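Student: I have a structure here, written as structure tokens, and I will follow up with some questions on it.
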Amino acid sequence: MRRIAAALAIALSAAQLQAQERILSYDSQIEIRQDGSLDVTERSAVHADGRQIRRGIYRDFPTRYTDRFNNRVVVDITVLSVQRDDVMEPWFIENRPNGIRINTGNDTLLPVPADYTYTIRYRATRELGFFPDHDELYWNAIGTGWIFPIESASVEVNLPVPVPTGNMHAEGYTGPQGAKGVDYVADLSTPGTARYRLTRALGPNEGFTIVLVFPKGIIPEPTQSERTRWLLEDNRGLLVALGGLLVILLYMVRTWQRIGRDPKAGIIIARYEPREGQTPAGLRFMEKMGYDMRCFTADILALAVSGRVKIHQDKKTFRDQWSLERVEPNTPTPISHAQQILLDMLFKGNATTLLLKNTNASTVSAARDGHGEVLNREYQPAYFNRNGKSVAIAVLIGAIAAGIAFGTSGGSGIPFIIGILVLMLIAIIVFSRLVRAPTIEGRALLDEIEGLKLYMSVAEKQELAGMRGPDEPALDAKRYEAMLLFAVALGVEDAWTDKFTVAAGAAAAAQAANNMTWYAGRGPI
């Protein structure tokens, strides 16, 4: 009884195997052409019973890869013919995430069960690898996407010339994706020809990859210009990014030539006083054609010297603590509108003190913004133009180029695209600086600022004697304090202090610092 059951089981298993849809044989012939392309003929005999194979078979071709730099590499597959049982067969191409799929047949169902032989001929490019000491063909003869078992398979590769067998090397891999199985034999008995044959059947989702190594010089290696052209064709996102960078640079150069050139500077002579009505922050704002921290600091000092603010520095364990105190001046002196806005926004309501720490960052930031807005209205466009509309156009060009580049990249070449976008951003920042242009009146004011800096920067006695004019005011403690605000604004406070020390002596300079009643602290101002 047991023997009968076993025999029935074997018979049933054999019957099921006979009925199972499968690939009976899968034979490929690859001709490596002199130009490096491949002419491939694949003959696959299949058993169909109408479950999966109903109208025909399909063949997937991965055509998009990424190299070690994450750049996209696109190979070209050109179908030459499709036959079923040596008769021309209809076919169509379907795009896949990483390549194409060739579908055979049409709407007509195949008579089943039956065995059919499909022959697909196609040409592939850019499949050869070129290395310093050899060239090779690395070919997925049977991909791991087949859901059918494959009972037998062979691959024959022919080089364009009869290369001696001792100068060729053949190897391969079998099994699932990433496996390194060796269920094959390779034959190099014929010059210029390599033959591979499986030694066991492949299960569903198992593949067969072959490698043929041959000497350099058999196939001409692609030139650098060809590689560059392929890189740009395959990585359209990179090409778009490069084009965007070129467009934005051309736009910037032409725009700067048209509106960004500064009027010619005049002769710089030493000036002993700022122009009437100019504030320390105003001169700084004009010099930089924009707001920065020195604008804020300079007008804080101006408020302190005018008697409206007192600056406190308290020594703490880890770092000093700074604070501002609002006071009423004994003898009020006029202050500018920008300085008044700064004062009111720092001390809102009835507040009289402000600790300069993180918890008050929003108050300080808002005061700086209000201070900067007033300065901007005073100096722009009367003294200079930012030409912000031109900068906005440059930003728009960059944004459009970035969107198209990422949209057409297909996820490849992203590091290079990001690098180019960083260059765009740097170019826009530089352009936003260069395109700022002073008016004629602004150019005259800039010349005066340079003259004032020249006067406050000269500290050596010999230089002082050489440049001192008949109208130069005496440099005493009162003048040192009054002009210190402008020296801080223009970044020459150290030179101005050295100048005063040379002119009045170290003792007088120390006494002048001690007499600055608007500062209270145990450290140097």
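For the structure tokens, the naming scheme is as follows: chains receive sequential letters (A, B, ...) according to their order of presentation, residues are indexed from 1 within each chain, and ligands are indexed from 1 in presentation order.
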Check which residues of segment 295-399 of chain A sit at most 7 Å from segment 500-523 of chain A using only C-alpha atoms, and return one row each with the closest pair of atoms and their distance in Å to one decimal, ordered by chain and rising number, as CSV.

Tutor:
```
residue,atom,partner,partner_atom,distance
A:Ala304,CA,A:Trp518,CA,5.6
A:Val305,CA,A:Trp518,CA,6.5
A:Gly307,CA,A:Trp518,CA,6.9
A:Val309,CA,A:Trp518,CA,6.9
A:Lys310,CA,A:Trp518,CA,4.6
A:Ile311,CA,A:Tyr519,CA,4.8
A:His312,CA,A:Ala520,CA,4.8
A:Gln313,CA,A:Gly521,CA,4.4
A:Asp314,CA,A:Gly521,CA,6.0
```

Student: Store the residues picked out above, limited to N, CA and C atoms, as a PDB file, in the first residue's frame.

Tutor:
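Contents of again.pdb, as written:
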```pdb
ATOM      1  N   ALA A 304      24.150 107.267  24.522  1.00  0.00           N
ATOM      2  CA  ALA A 304      24.853 107.343  25.804  1.00  0.00           C
ATOM      3  C   ALA A 304      25.580 108.679  25.955  1.00  0.00           C
ATOM      4  N   VAL A 305      26.278 109.105  24.926  1.00  0.00           N
ATOM      5  CA  VAL A 305      27.014 110.368  24.990  1.00  0.00           C
ATOM      6  C   VAL A 305      26.050 111.554  25.111  1.00  0.00           C
ATOM      7  N   GLY A 307      23.504 111.571  26.871  1.00  0.00           N
ATOM      8  CA  GLY A 307      22.964 111.567  28.228  1.00  0.00           C
ATOM      9  C   GLY A 307      21.650 110.847  28.376  1.00  0.00           C
ATOM     10  N   VAL A 309      21.189 107.368  27.746  1.00  0.00           N
ATOM     11  CA  VAL A 309      21.386 105.949  28.078  1.00  0.00           C
ATOM     12  C   VAL A 309      22.681 105.817  28.875  1.00  0.00           C
ATOM     13  N   LYS A 310      22.655 104.911  29.842  1.00  0.00           N
ATOM     14  CA  LYS A 310      23.868 104.572  30.587  1.00  0.00           C
ATOM     15  C   LYS A 310      24.153 103.092  30.375  1.00  0.00           C
ATOM     16  N   ILE A 311      25.395 102.764  30.079  1.00  0.00           N
ATOM     17  CA  ILE A 311      25.787 101.390  29.786  1.00  0.00           C
ATOM     18  C   ILE A 311      26.444 100.789  31.022  1.00  0.00           C
ATOM     19  N   HIS A 312      25.944  99.625  31.452  1.00  0.00           N
ATOM     20  CA  HIS A 312      26.473  98.952  32.632  1.00  0.00           C
ATOM     21  C   HIS A 312      27.124  97.633  32.221  1.00  0.00           C
ATOM     22  N   GLN A 313      28.277  97.368  32.826  1.00  0.00           N
ATOM     23  CA  GLN A 313      28.965  96.090  32.640  1.00  0.00           C
ATOM     24  C   GLN A 313      29.229  95.499  34.011  1.00  0.00           C
ATOM     25  N   ASP A 314      28.596  94.379  34.297  1.00  0.00           N
ATOM     26  CA  ASP A 314      28.753  93.718  35.596  1.00  0.00           C
ATOM     27  C   ASP A 314      29.505  92.419  35.407  1.00  0.00           C
TER      28      ASP A 314
END
```

Student: Once DSSP has gone over the backbone, tell me which residues of segment 302-483 of chain A are in strand (DSSP E), as a list in words.

Tutor: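 Selecting the strand (DSSP E) positions of segment 302-483 of chain A gives Val309, Lys310, Ile311, His312, Gln313, Asp314, Gln321, Trp322, Ser323, Leu324, Glu325, Arg326, Thr353, Leu354, Leu355, Phe384, Asn385, Ala437 and Pro438 of chain A.
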
Student: List the spatial neighbours of Lys357 of chain A as JSON, numbers by chain - criterion: any atom at most 9 Å away, only C-alpha atoms, same-chain residues fewer than 2 positions off excluded.

Tutor: {"A": [321, 322, 323, 354, 355, 359, 360, 361]}

Student: Which polymer residues have any atom within 12 Å of an atom of Val430 of chain A, counting only C-alpha atoms, with same-chain residues fewer than 5 positions away left out, as a list in words?

Tutor: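 Skipping anything fewer than 5 positions along the chain leaves Leu249, Met252, Val253, Trp256, Val391, Ala394, Leu423, Met424, Leu425, Val435 and Arg436 of chain A.
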
Student: Please provide the set of residues having any atom within 7 Å of segment 29-44 of chain A, restricted to only C-alpha atoms, with same-chain residues fewer than 3 positions apart removed, written as a list in words.

Tutor: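 Everything that qualifies: Ile23, Ser25, Tyr26, Thr117, Tyr118, Thr119, Ile120, Arg121, Tyr122, Arg123, Ala124, Thr125, Arg126, Leu128, Val155, Glu156, Val157, Asn158, Leu159, Pro160 and Ile219 of chain A.
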
Student: Which residue out of A:Glu221, A:Glu136, A:Asp27, A:Glu287 has the minimum interatomic distance to Arg443 of chain A when only C-alpha atoms are used?

Tutor: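 For Arg443 of chain A, the nearest of the given residues is A:Glu287.
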
Student: Mind checking DSSP for segment 185-385 of chain A and telling me the helix (DSSP H, G or I) residues as a PyMOL selection string?

Tutor: chain A and resi 224-234+236-260+280-288+293-305+337-346+358-379

Student: So, with only C-alpha atoms as the atoms that count, which of A:Phe92, A:Asp471, A:Glu325, A:Ile210 lies closest to Ser28 of chain A?

Tutor: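 With only C-alpha atoms as the atom set, the closest residue is A:Ile210.
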
Student: Rounded to one decimal place, report the atom CA of Gly403 of chain A-atom CA of Pro97 of chain A distance in Å.

Tutor: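 Interatomic distance, atom CA of Gly403 of chain A to atom CA of Pro97 of chain A: 21.1 Å.
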
Student: Need to verify the contact set: segment 259-275 of chain A, 9 Å, only C-alpha atoms, exclusion of same-chain residues closer than 4 positions in sequence. Can you return it as a PyMOL selection string?

Tutor: chain A and resi 254-255+279-280+283+385+387+434-440+443-456+467+471-473+483+486
